file final31.json (JSON, C-alpha atoms)
[["chain", "number", "residue", "atom", "x", "y", "z"],
["A", 1, "ALA", "CA", 138.86, 11.33, 25.65],
["A", 2, "GLN", "CA", 138.15, 7.92, 24.19],
["A", 3, "SER", "CA", 139.48, 6.48, 20.93],
["A", 4, "VAL", "CA", 138.31, 3.64, 18.74],
["A", 5, "THR", "CA", 140.41, 1.45, 16.48],
["A", 6, "GLN", "CA", 138.94, -0.79, 13.82],
["A", 7, "LEU", "CA", 141.71, -3.14, 12.88],
["A", 8, "ASP", "CA", 140.61, -3.95, 9.33],
["A", 9, "SER", "CA", 139.67, -1.35, 6.74],
["A", 10, "GLN", "CA", 138.48, -3.86, 4.12],
["A", 11, "VAL", "CA", 137.13, -7.37, 4.59],
["A", 12, "PRO", "CA", 136.24, -9.38, 1.47],
["A", 13, "VAL", "CA", 134.24, -12.52, 2.22],
["A", 14, "PHE", "CA", 132.35, -15.17, 0.29],
["A", 15, "GLU", "CA", 128.61, -15.63, 0.72],
["A", 16, "GLU", "CA", 127.69, -18.02, 3.57],
["A", 17, "ALA", "CA", 131.17, -17.72, 5.10],
["A", 18, "PRO", "CA", 131.69, -16.31, 8.62],
["A", 19, "VAL", "CA", 133.01, -12.82, 9.20],
["A", 20, "GLU", "CA", 134.59, -11.05, 12.19],
["A", 21, "LEU", "CA", 135.15, -7.31, 12.41],
["A", 22, "ARG", "CA", 137.54, -6.23, 15.13],
["A", 23, "CYS", "CA", 137.15, -3.17, 17.31],
["A", 24, "ASN", "CA", 139.31, -2.00, 20.20],
["A", 25, "TYR", "CA", 138.77, 1.10, 22.26],
["A", 26, "SER", "CA", 140.49, 3.09, 24.95],
["A", 27, "SER", "CA", 138.75, 5.15, 27.59],
["A", 28, "SER", "CA", 139.46, 6.32, 31.11],
["A", 29, "VAL", "CA", 135.79, 6.06, 32.09],
["A", 30, "SER", "CA", 132.99, 3.55, 31.65],
["A", 31, "VAL", "CA", 131.48, 3.47, 28.19],
["A", 32, "TYR", "CA", 128.58, 2.31, 26.10],
["A", 33, "LEU", "CA", 129.48, 0.45, 22.89],
["A", 34, "PHE", "CA", 127.74, 0.40, 19.53],
["A", 35, "TRP", "CA", 128.00, -1.04, 16.04],
["A", 36, "TYR", "CA", 126.43, 0.94, 13.22],
["A", 37, "VAL", "CA", 125.99, -0.16, 9.59],
["A", 38, "GLN", "CA", 125.98, 2.11, 6.55],
["A", 39, "TYR", "CA", 124.63, 0.76, 3.26],
["A", 40, "PRO", "CA", 125.79, 2.54, 0.09],
["A", 41, "ASN", "CA", 124.57, 6.14, -0.15],
["A", 42, "GLN", "CA", 122.59, 5.92, 3.08],
["A", 43, "GLY", "CA", 122.85, 7.15, 6.65],
["A", 44, "LEU", "CA", 124.00, 5.06, 9.59],
["A", 45, "GLN", "CA", 121.70, 2.53, 11.22],
["A", 46, "LEU", "CA", 122.19, 1.03, 14.65],
["A", 47, "LEU", "CA", 123.09, -2.65, 14.41],
["A", 48, "LEU", "CA", 123.51, -3.47, 18.09],
["A", 49, "LYS", "CA", 124.60, -1.96, 21.38],
["A", 50, "TYR", "CA", 126.14, -2.93, 24.70],
["A", 51, "LEU", "CA", 124.95, -0.97, 27.71],
["A", 52, "SER", "CA", 125.39, -3.35, 30.64],
["A", 53, "GLY", "CA", 124.68, -6.91, 31.72],
["A", 54, "SER", "CA", 125.38, -9.85, 29.42],
["A", 55, "THR", "CA", 128.57, -9.26, 27.47],
["A", 56, "LEU", "CA", 127.17, -10.95, 24.34],
["A", 57, "VAL", "CA", 124.65, -8.90, 22.40],
["A", 58, "GLU", "CA", 122.77, -9.86, 19.26],
["A", 59, "SER", "CA", 121.02, -8.12, 16.39],
["A", 60, "ILE", "CA", 117.85, -9.22, 14.65],
["A", 61, "ASN", "CA", 119.69, -10.07, 11.41],
["A", 62, "GLY", "CA", 122.19, -12.57, 12.84],
["A", 63, "PHE", "CA", 125.10, -10.38, 13.95],
["A", 64, "GLU", "CA", 126.52, -10.62, 17.45],
["A", 65, "ALA", "CA", 129.19, -8.74, 19.38],
["A", 66, "GLU", "CA", 130.99, -9.52, 22.58],
["A", 67, "PHE", "CA", 132.19, -6.95, 25.07],
["A", 68, "ASN", "CA", 135.54, -7.88, 26.59],
["A", 69, "LYS", "CA", 136.43, -5.44, 29.34],
["A", 70, "SER", "CA", 139.93, -6.78, 30.01],
["A", 71, "GLN", "CA", 140.91, -6.52, 26.35],
["A", 72, "THR", "CA", 138.81, -3.36, 25.77],
["A", 73, "SER", "CA", 137.32, -4.93, 22.66],
["A", 74, "PHE", "CA", 133.89, -5.19, 21.07],
["A", 75, "HIS", "CA", 134.29, -7.48, 18.05],
["A", 76, "LEU", "CA", 131.40, -8.07, 15.66],
["A", 77, "ARG", "CA", 130.69, -11.50, 14.16],
["A", 78, "LYS", "CA", 128.26, -13.21, 11.85],
["A", 79, "PRO", "CA", 128.44, -16.97, 11.25],
["A", 80, "SER", "CA", 127.10, -16.84, 7.68],
["A", 81, "VAL", "CA", 126.94, -13.67, 5.59],
["A", 82, "HIS", "CA", 124.63, -12.75, 2.73],
["A", 83, "ILE", "CA", 125.20, -10.56, -0.29],
["A", 84, "SER", "CA", 122.94, -7.98, 1.39],
["A", 85, "ASP", "CA", 125.45, -7.63, 4.25],
["A", 86, "THR", "CA", 127.76, -5.71, 1.91],
["A", 87, "ALA", "CA", 128.16, -2.37, 3.70],
["A", 88, "GLU", "CA", 130.46, -0.28, 5.84],
["A", 89, "TYR", "CA", 130.45, -1.06, 9.54],
["A", 90, "PHE", "CA", 131.39, 1.43, 12.25],
["A", 91, "CYS", "CA", 132.27, 0.73, 15.85],
["A", 92, "ALA", "CA", 131.44, 3.60, 18.21],
["A", 93, "VAL", "CA", 131.95, 4.37, 21.88],
["A", 94, "SER", "CA", 130.25, 6.90, 24.11],
["A", 95, "ARG", "CA", 131.14, 7.88, 27.61],
["A", 96, "ARG", "CA", 128.44, 7.17, 30.15],
["A", 97, "ASN", "CA", 128.53, 10.70, 31.50],
["A", 98, "ASP", "CA", 128.09, 12.74, 28.31],
["A", 99, "TYR", "CA", 126.96, 10.33, 25.54],
["A", 100, "LYS", "CA", 129.24, 11.89, 22.89],
["A", 101, "LEU", "CA", 130.12, 9.25, 20.29],
["A", 102, "SER", "CA", 133.61, 8.52, 19.03],
["A", 103, "PHE", "CA", 133.75, 6.46, 15.86],
["A", 104, "GLY", "CA", 136.27, 4.09, 14.40],
["A", 105, "ALA", "CA", 137.42, 4.62, 10.81],
["A", 106, "GLY", "CA", 135.05, 1.94, 9.52],
["A", 107, "THR", "CA", 135.37, -1.52, 7.96],
["A", 108, "THR", "CA", 134.06, -2.13, 4.47],
["A", 109, "VAL", "CA", 132.63, -5.63, 4.08],
["A", 110, "THR", "CA", 132.21, -6.89, 0.54],
["A", 111, "VAL", "CA", 130.34, -10.17, 0.17],
["A", 112, "ARG", "CA", 130.91, -12.10, -3.04],
["A", 113, "ALA", "CA", 128.89, -15.00, -4.42],
["B", 1, "ASN", "CA", 107.28, 9.20, 11.86],
["B", 2, "ALA", "CA", 110.08, 10.38, 9.55],
["B", 3, "GLY", "CA", 112.91, 10.19, 12.14],
["B", 4, "VAL", "CA", 115.75, 12.55, 11.20],
["B", 5, "THR", "CA", 115.46, 14.48, 7.93],
["B", 6, "GLN", "CA", 118.12, 16.58, 6.21],
["B", 7, "THR", "CA", 118.03, 19.04, 3.33],
["B", 8, "PRO", "CA", 119.47, 19.34, 0.78],
["B", 9, "LYS", "CA", 120.70, 15.87, -0.25],
["B", 10, "PHE", "CA", 123.36, 17.25, -2.59],
["B", 11, "GLN", "CA", 125.01, 20.64, -2.94],
["B", 12, "VAL", "CA", 127.86, 22.10, -4.97],
["B", 13, "LEU", "CA", 129.38, 25.37, -3.80],
["B", 14, "LYS", "CA", 132.17, 27.58, -5.05],
["B", 15, "THR", "CA", 134.92, 28.57, -2.65],
["B", 16, "GLY", "CA", 133.77, 31.49, -0.51],
["B", 17, "GLN", "CA", 130.04, 30.87, -0.88],
["B", 18, "SER", "CA", 127.86, 30.30, 2.15],
["B", 19, "MET", "CA", 125.06, 27.85, 2.83],
["B", 20, "THR", "CA", 122.97, 26.34, 5.61],
["B", 21, "LEU", "CA", 122.29, 22.63, 6.03],
["B", 22, "GLN", "CA", 118.93, 21.92, 7.64],
["B", 23, "CYS", "CA", 118.10, 19.10, 10.04],
["B", 24, "ALA", "CA", 114.87, 18.20, 11.80],
["B", 25, "GLN", "CA", 113.78, 15.32, 14.03],
["B", 26, "ASP", "CA", 110.32, 14.25, 15.09],
["B", 27, "MET", "CA", 111.26, 11.94, 17.97],
["B", 28, "ASN", "CA", 111.14, 14.62, 20.69],
["B", 29, "HIS", "CA", 114.84, 14.14, 21.46],
["B", 30, "ASN", "CA", 116.73, 16.72, 23.48],
["B", 31, "SER", "CA", 120.22, 16.16, 22.03],
["B", 32, "MET", "CA", 121.21, 16.72, 18.42],
["B", 33, "TYR", "CA", 124.55, 16.43, 16.59],
["B", 34, "TRP", "CA", 126.33, 17.36, 13.36],
["B", 35, "TYR", "CA", 129.06, 15.09, 11.95],
["B", 36, "ARG", "CA", 131.17, 15.04, 8.84],
["B", 37, "GLN", "CA", 132.25, 11.81, 7.18],
["B", 38, "ASP", "CA", 135.46, 11.61, 5.20],
["B", 39, "PRO", "CA", 136.98, 8.46, 3.65],
["B", 40, "GLY", "CA", 139.07, 6.47, 6.12],
["B", 41, "MET", "CA", 138.26, 8.78, 9.03],
["B", 42, "GLY", "CA", 134.89, 7.60, 10.27],
["B", 43, "LEU", "CA", 132.55, 10.31, 11.51],
["B", 44, "ARG", "CA", 133.85, 13.34, 13.34],
["B", 45, "LEU", "CA", 131.71, 15.56, 15.54],
["B", 46, "ILE", "CA", 131.43, 19.17, 14.40],
["B", 47, "TYR", "CA", 128.94, 20.63, 16.90],
["B", 48, "TYR", "CA", 126.27, 19.31, 19.21],
["B", 49, "SER", "CA", 123.32, 20.61, 21.17],
["B", 50, "ALA", "CA", 122.54, 18.89, 24.45],
["B", 51, "SER", "CA", 119.19, 20.64, 24.71],
["B", 52, "GLU", "CA", 117.18, 23.45, 23.17],
["B", 53, "GLY", "CA", 119.06, 26.72, 23.62],
["B", 54, "THR", "CA", 122.54, 25.21, 24.08],
["B", 55, "THR", "CA", 125.28, 24.39, 21.58],
["B", 56, "ASP", "CA", 128.87, 23.20, 22.03],
["B", 57, "LYS", "CA", 131.89, 22.58, 19.84],
["B", 58, "GLY", "CA", 132.91, 19.09, 18.91],
["B", 59, "GLU", "CA", 136.14, 17.78, 17.47],
["B", 60, "VAL", "CA", 136.24, 19.81, 14.21],
["B", 61, "PRO", "CA", 134.22, 23.05, 14.62],
["B", 62, "ASN", "CA", 136.41, 25.48, 12.65],
["B", 63, "GLY", "CA", 134.62, 27.03, 9.67],
["B", 64, "TYR", "CA", 131.14, 26.11, 10.92],
["B", 65, "ASN", "CA", 128.37, 27.63, 13.01],
["B", 66, "VAL", "CA", 125.17, 26.08, 14.30],
["B", 67, "SER", "CA", 121.73, 27.17, 15.46],
["B", 68, "ARG", "CA", 119.32, 25.17, 17.58],
["B", 69, "LEU", "CA", 116.19, 26.83, 16.33],
["B", 70, "ASN", "CA", 113.81, 24.85, 18.54],
["B", 71, "LYS", "CA", 113.64, 21.33, 19.93],
["B", 72, "ARG", "CA", 113.08, 19.83, 16.46],
["B", 73, "GLU", "CA", 115.56, 21.74, 14.31],
["B", 74, "PHE", "CA", 119.36, 22.05, 14.33],
["B", 75, "SER", "CA", 121.05, 23.81, 11.40],
["B", 76, "LEU", "CA", 124.70, 23.91, 10.32],
["B", 77, "ARG", "CA", 126.07, 26.96, 8.51],
["B", 78, "LEU", "CA", 129.18, 27.33, 6.40],
["B", 79, "GLU", "CA", 129.93, 31.05, 6.22],
["B", 80, "SER", "CA", 132.72, 30.89, 3.62],
["B", 81, "ALA", "CA", 133.08, 27.44, 2.10],
["B", 82, "ALA", "CA", 136.51, 25.95, 1.46],
["B", 83, "PRO", "CA", 137.50, 22.86, -0.57],
["B", 84, "SER", "CA", 138.51, 21.17, 2.73],
["B", 85, "GLN", "CA", 134.83, 21.20, 3.68],
["B", 86, "THR", "CA", 133.97, 18.83, 0.83],
["B", 87, "SER", "CA", 132.42, 15.95, 2.74],
["B", 88, "VAL", "CA", 129.23, 14.11, 3.61],
["B", 89, "TYR", "CA", 127.41, 15.73, 6.51],
["B", 90, "PHE", "CA", 125.17, 13.81, 8.88],
["B", 91, "CYS", "CA", 122.78, 15.09, 11.48],
["B", 92, "ALA", "CA", 121.76, 12.87, 14.39],
["B", 93, "SER", "CA", 119.55, 12.98, 17.44],
["B", 94, "ARG", "CA", 119.93, 10.92, 20.59],
["B", 95, "GLY", "CA", 117.33, 8.80, 22.30],
["B", 96, "GLN", "CA", 118.01, 7.31, 25.69],
["B", 97, "TYR", "CA", 121.38, 5.87, 24.67],
["B", 98, "GLU", "CA", 121.84, 5.56, 20.90],
["B", 99, "GLN", "CA", 121.91, 8.15, 18.16],
["B", 100, "TYR", "CA", 119.64, 8.15, 15.13],
["B", 101, "PHE", "CA", 121.07, 9.48, 11.87],
["B", 102, "GLY", "CA", 119.65, 11.34, 8.93],
["B", 103, "PRO", "CA", 120.33, 10.34, 5.31],
["B", 104, "GLY", "CA", 123.16, 12.85, 4.88],
["B", 105, "THR", "CA", 124.07, 15.82, 2.68],
["B", 106, "ARG", "CA", 126.83, 15.37, 0.11],
["B", 107, "LEU", "CA", 128.63, 18.71, -0.23],
["B", 108, "THR", "CA", 131.26, 19.51, -2.85],
["B", 109, "VAL", "CA", 133.22, 22.77, -2.69],
["B", 110, "THR", "CA", 135.09, 23.68, -5.88]]

call {"tool": "encode", "arguments": {"input": "final31.json", "output": "structure tokens"}}
result
Amino acid sequence: AQSVTQLDSQVPVFEEAPVELRCNYSSSVSVYLFWYVQYPNQGLQLLLKYLSGSTLVESINGFEAEFNKSQTSFHLRKPSVHISDTAEYFCAVSRRNDYKLSFGAGTTVTVRA
Amino acid sequence: NAGVTQTPKFQVLKTGQSMTLQCAQDMNHNSMYWYRQDPGMGLRLIYYSASEGTTDKGEVPNGYNVSRLNKREFSLRLESAAPSQTSVYFCASRGQYEQYFGPGTRLTVT
């Protein structure tokens, strides 16, 4: 079975400052990696995913994540956050052979003006 | 194209009552999932259905049953609700790699 650890439960940040959300995973088999975002009182939306190839993946709204196989990490970054980025962010891992997702506990990002 | 829809959005039950949460997807996906979300615990898989006609237990199946009615619909049933089942429930379906989530059902058991 795989497990996912999100190292920060709460991240307060000022508008236009950078943010990094840390995610580490453990798995005995190859995995796919995902970041999902949940805005207040909504479902989860896919932010970005790593399947294969380039280890740096980007989203359309300025987030990026880097897959580091040796450190089994998939940290999420944004160089300049907006108030609208206030949300809960979940790192998730699925095994390549059965696609079942395991989620981290989530990181709440609160952006202040 | 509505994606994944869930009903109801909110529900309050008394201990021992039963109810069924409904989920439907219009993306022609084979695999569907039920999760529960509790504070500080992320999402945990209750049951999943890899294809029409099959269902399997996930991480936390006790107290729940599921039915894959057809390719579109996957329902979750609580036969005798308990306060420990107070949670937000999400249904999802899987495309080629990623899962798509519904808006959730907030269930309170008193």

call {"tool": "closest_atom_pairs", "arguments": {"input": "final31.json", "of": "chain A", "to": "chain B", "cutoff": "6 Å", "atoms": "all atoms listed in the file", "output": "Markdown table"}}
result
| residue | atom | partner | partner_atom | distance |
| --- | --- | --- | --- | --- |
| A:Gln42 | CA | B:Pro103 | CA | 5.4 |
| A:Gly43 | CA | B:Pro103 | CA | 4.3 |
| A:Leu44 | CA | B:Phe101 | CA | 5.8 |
| A:Phe103 | CA | B:Gly42 | CA | 5.8 |
| A:Gly104 | CA | B:Gly42 | CA | 5.6 |
| A:Ala105 | CA | B:Gly42 | CA | 3.9 |
| A:Gly106 | CA | B:Gly42 | CA | 5.7 |

call {"tool": "closest_residue", "arguments": {"input": "final31.json", "among": "B:Phe10, B:Gln17, B:Ile46, B:Leu107", "to": "B:Ser75", "atoms": "all atoms listed in the file"}}
result
B:Ile46

call {"tool": "residues_around", "arguments": {"input": "final31.json", "residues": "B:Gly53", "least_positions_apart": "6", "cutoff": "12 Å", "atoms": "all atoms listed in the file", "output": "number ranges by chain"}}
result
B: 30-32, 66-74

call {"tool": "closest_residue", "arguments": {"input": "final31.json", "among": "B:Gln22, B:Ser93, B:Asn65, B:Thr55", "to": "B:Gly3", "atoms": "all atoms listed in the file"}}
result
B:Ser93

call {"tool": "residues_around", "arguments": {"input": "final31.json", "residues": "B:Tyr64", "least_positions_apart": "6", "cutoff": "9 Å", "atoms": "all atoms listed in the file", "output": "list in words"}}
result
Ile46, Tyr47, Leu76, Arg77, Leu78, Glu79 and Ser80 of chain B

call {"tool": "write_last_selection", "arguments": {"input": "final31.json", "atoms": "C-alpha atoms", "output": "mmCIF file, in the coordinates of the input"}}
result
data_model
loop_
_atom_site.group_PDB
_atom_site.id
_atom_site.type_symbol
_atom_site.label_atom_id
_atom_site.label_comp_id
_atom_site.auth_asym_id
_atom_site.auth_seq_id
_atom_site.Cartn_x
_atom_site.Cartn_y
_atom_site.Cartn_z
ATOM 1 C CA ILE B 46 131.430 19.170 14.400
ATOM 2 C CA TYR B 47 128.940 20.630 16.900
ATOM 3 C CA LEU B 76 124.700 23.910 10.320
ATOM 4 C CA ARG B 77 126.070 26.960 8.510
ATOM 5 C CA LEU B 78 129.180 27.330 6.400
ATOM 6 C CA GLU B 79 129.930 31.050 6.220
ATOM 7 C CA SER B 80 132.720 30.890 3.620
#

call {"tool": "residues_around", "arguments": {"input": "final31.json", "residues": "A:Glu58", "least_positions_apart": "2", "cutoff": "10 Å", "atoms": "all atoms listed in the file", "output": "tab-separated table (two decimals) with C-alpha atoms, in the frame of the given file"}}
result
chain	number	residue	atom	x	y	z
A	47	LEU	CA	123.09	-2.65	14.41
A	48	LEU	CA	123.51	-3.47	18.09
A	49	LYS	CA	124.60	-1.96	21.38
A	50	TYR	CA	126.14	-2.93	24.70
A	56	LEU	CA	127.17	-10.95	24.34
A	60	ILE	CA	117.85	-9.22	14.65
A	61	ASN	CA	119.69	-10.07	11.41
A	62	GLY	CA	122.19	-12.57	12.84
A	63	PHE	CA	125.10	-10.38	13.95
A	64	GLU	CA	126.52	-10.62	17.45
A	65	ALA	CA	129.19	-8.74	19.38
A	66	GLU	CA	130.99	-9.52	22.58
A	76	LEU	CA	131.40	-8.07	15.66
A	77	ARG	CA	130.69	-11.50	14.16
A	78	LYS	CA	128.26	-13.21	11.85

call {"tool": "closest_residue", "arguments": {"input": "final31.json", "among": "B:Thr15, B:Thr86, B:Asn28, B:Ser51", "to": "B:Ala2", "atoms": "all atoms listed in the file"}}
result
B:Asn28

call {"tool": "atom_distance", "arguments": {"input": "final31.json", "atom1": "atom CA of B:Gln25", "atom2": "atom CA of A:Leu101"}}
result
18.5 Å

call {"tool": "residues_around", "arguments": {"input": "final31.json", "residues": "A:Leu51", "least_positions_apart": "6", "cutoff": "9 Å", "atoms": "all atoms listed in the file", "output": "list in words"}}
result
Val31, Tyr32, Leu33 and Phe34 of chain A; Tyr97 of chain B

call {"tool": "atom_distance", "arguments": {"input": "final31.json", "atom1": "atom CA of A:Asn24", "atom2": "atom CA of A:Cys91"}}
result
8.7 Å

call {"tool": "atom_distance", "arguments": {"input": "final31.json", "atom1": "atom CA of A:Gln45", "atom2": "atom CA of B:Ser84"}}
result
26.5 Å

call {"tool": "closest_residue", "arguments": {"input": "final31.json", "among": "A:Val81, A:Leu46, A:Ala113, A:Val57", "to": "A:Pro18", "atoms": "all atoms listed in the file"}}
result
A:Val81

call {"tool": "closest_residue", "arguments": {"input": "final31.json", "among": "A:Lys100, A:Ser3, A:Ser9, A:Ser59", "to": "A:Tyr36", "atoms": "only C-alpha atoms"}}
result
A:Ser59

call {"tool": "residues_around", "arguments": {"input": "final31.json", "residues": "A:Ala17", "least_positions_apart": "6", "cutoff": "10 Å", "atoms": "all atoms listed in the file", "output": "list in words"}}
result
Lys78, Pro79, Ser80, Val81, His82, Val111 and Arg112 of chain A

call {"tool": "closest_residue", "arguments": {"input": "final31.json", "among": "A:Gln38, A:Ser30, A:Gln10, A:Gln2", "to": "A:Tyr89", "atoms": "all atoms listed in the file"}}
result
A:Gln38

call {"tool": "axis_aligned_box", "arguments": {"input": "final31.json", "around": "stretch 51-60 of chain A", "padding_each_side": "4 Å", "output": "AutoDock Vina command-line options"}}
result
--center_x 123.2 --center_y -6.0 --center_z 23.2 --size_x 18.7 --size_y 18.0 --size_z 25.1

call {"tool": "build_atoms", "arguments": {"input": "final31.json", "residues": "stretch 31-51 of chain A", "atoms": "N, CA, C and O atoms", "output": "short mmCIF file (atom, residue, chain, number, x, y, z; two decimals), keeping the file's coordinate frame"}}
result
data_model
loop_
_atom_site.label_atom_id
_atom_site.label_comp_id
_atom_site.auth_asym_id
_atom_site.auth_seq_id
_atom_site.Cartn_x
_atom_site.Cartn_y
_atom_site.Cartn_z
N VAL A 31 132.03 3.11 29.49
CA VAL A 31 131.48 3.47 28.19
C VAL A 31 130.29 2.61 27.81
O VAL A 31 130.07 1.54 28.38
N TYR A 32 129.54 3.11 26.84
CA TYR A 32 128.58 2.31 26.10
C TYR A 32 129.21 2.02 24.73
O TYR A 32 129.96 2.83 24.20
N LEU A 33 128.86 0.88 24.14
CA LEU A 33 129.48 0.45 22.89
C LEU A 33 128.41 0.17 21.84
O LEU A 33 127.35 -0.38 22.16
N PHE A 34 128.72 0.52 20.60
CA PHE A 34 127.74 0.40 19.53
C PHE A 34 128.42 -0.09 18.25
O PHE A 34 129.61 0.17 18.02
N TRP A 35 127.65 -0.80 17.43
CA TRP A 35 128.00 -1.04 16.04
C TRP A 35 126.91 -0.45 15.17
O TRP A 35 125.71 -0.71 15.38
N TYR A 36 127.33 0.38 14.20
CA TYR A 36 126.43 0.94 13.22
C TYR A 36 126.78 0.38 11.85
O TYR A 36 127.94 0.07 11.57
N VAL A 37 125.78 0.29 10.95
CA VAL A 37 125.99 -0.16 9.59
C VAL A 37 125.54 0.94 8.64
O VAL A 37 124.54 1.63 8.89
N GLN A 38 126.32 1.12 7.58
CA GLN A 38 125.98 2.11 6.55
C GLN A 38 125.95 1.42 5.20
O GLN A 38 127.00 1.01 4.68
N TYR A 39 124.76 1.29 4.61
CA TYR A 39 124.63 0.76 3.26
C TYR A 39 124.96 1.87 2.27
O TYR A 39 124.85 3.05 2.60
N PRO A 40 125.35 1.52 1.05
CA PRO A 40 125.79 2.54 0.09
C PRO A 40 124.80 3.68 -0.05
O PRO A 40 123.59 3.47 -0.20
N ASN A 41 125.33 4.90 0.03
CA ASN A 41 124.57 6.14 -0.15
C ASN A 41 123.42 6.30 0.85
O ASN A 41 122.39 6.90 0.52
N GLN A 42 123.60 5.76 2.04
CA GLN A 42 122.59 5.92 3.08
C GLN A 42 123.22 6.44 4.36
O GLN A 42 124.44 6.56 4.47
N GLY A 43 122.37 6.76 5.33
CA GLY A 43 122.85 7.15 6.65
C GLY A 43 123.22 5.92 7.47
O GLY A 43 123.17 4.79 6.99
N LEU A 44 123.61 6.16 8.71
CA LEU A 44 124.00 5.06 9.59
C LEU A 44 122.79 4.51 10.32
O LEU A 44 121.92 5.28 10.76
N GLN A 45 122.77 3.18 10.47
CA GLN A 45 121.70 2.53 11.22
C GLN A 45 122.32 1.75 12.37
O GLN A 45 123.36 1.11 12.20
N LEU A 46 121.69 1.79 13.51
CA LEU A 46 122.19 1.03 14.65
C LEU A 46 122.03 -0.46 14.40
O LEU A 46 120.95 -0.93 14.05
N LEU A 47 123.12 -1.20 14.58
CA LEU A 47 123.09 -2.65 14.41
C LEU A 47 122.88 -3.33 15.76
O LEU A 47 122.03 -4.20 15.92
N LEU A 48 123.70 -2.96 16.74
CA LEU A 48 123.51 -3.47 18.09
C LEU A 48 124.28 -2.58 19.08
O LEU A 48 125.07 -1.74 18.67
N LYS A 49 123.99 -2.80 20.37
CA LYS A 49 124.60 -1.96 21.38
C LYS A 49 124.86 -2.78 22.65
O LYS A 49 124.14 -3.74 22.93
N TYR A 50 125.89 -2.39 23.38
CA TYR A 50 126.14 -2.93 24.70
C TYR A 50 126.02 -1.79 25.71
O TYR A 50 126.73 -0.78 25.61
N LEU A 51 125.13 -1.97 26.66
CA LEU A 51 124.95 -0.97 27.71
C LEU A 51 125.44 -1.51 29.05
O LEU A 51 126.18 -0.84 29.79
#
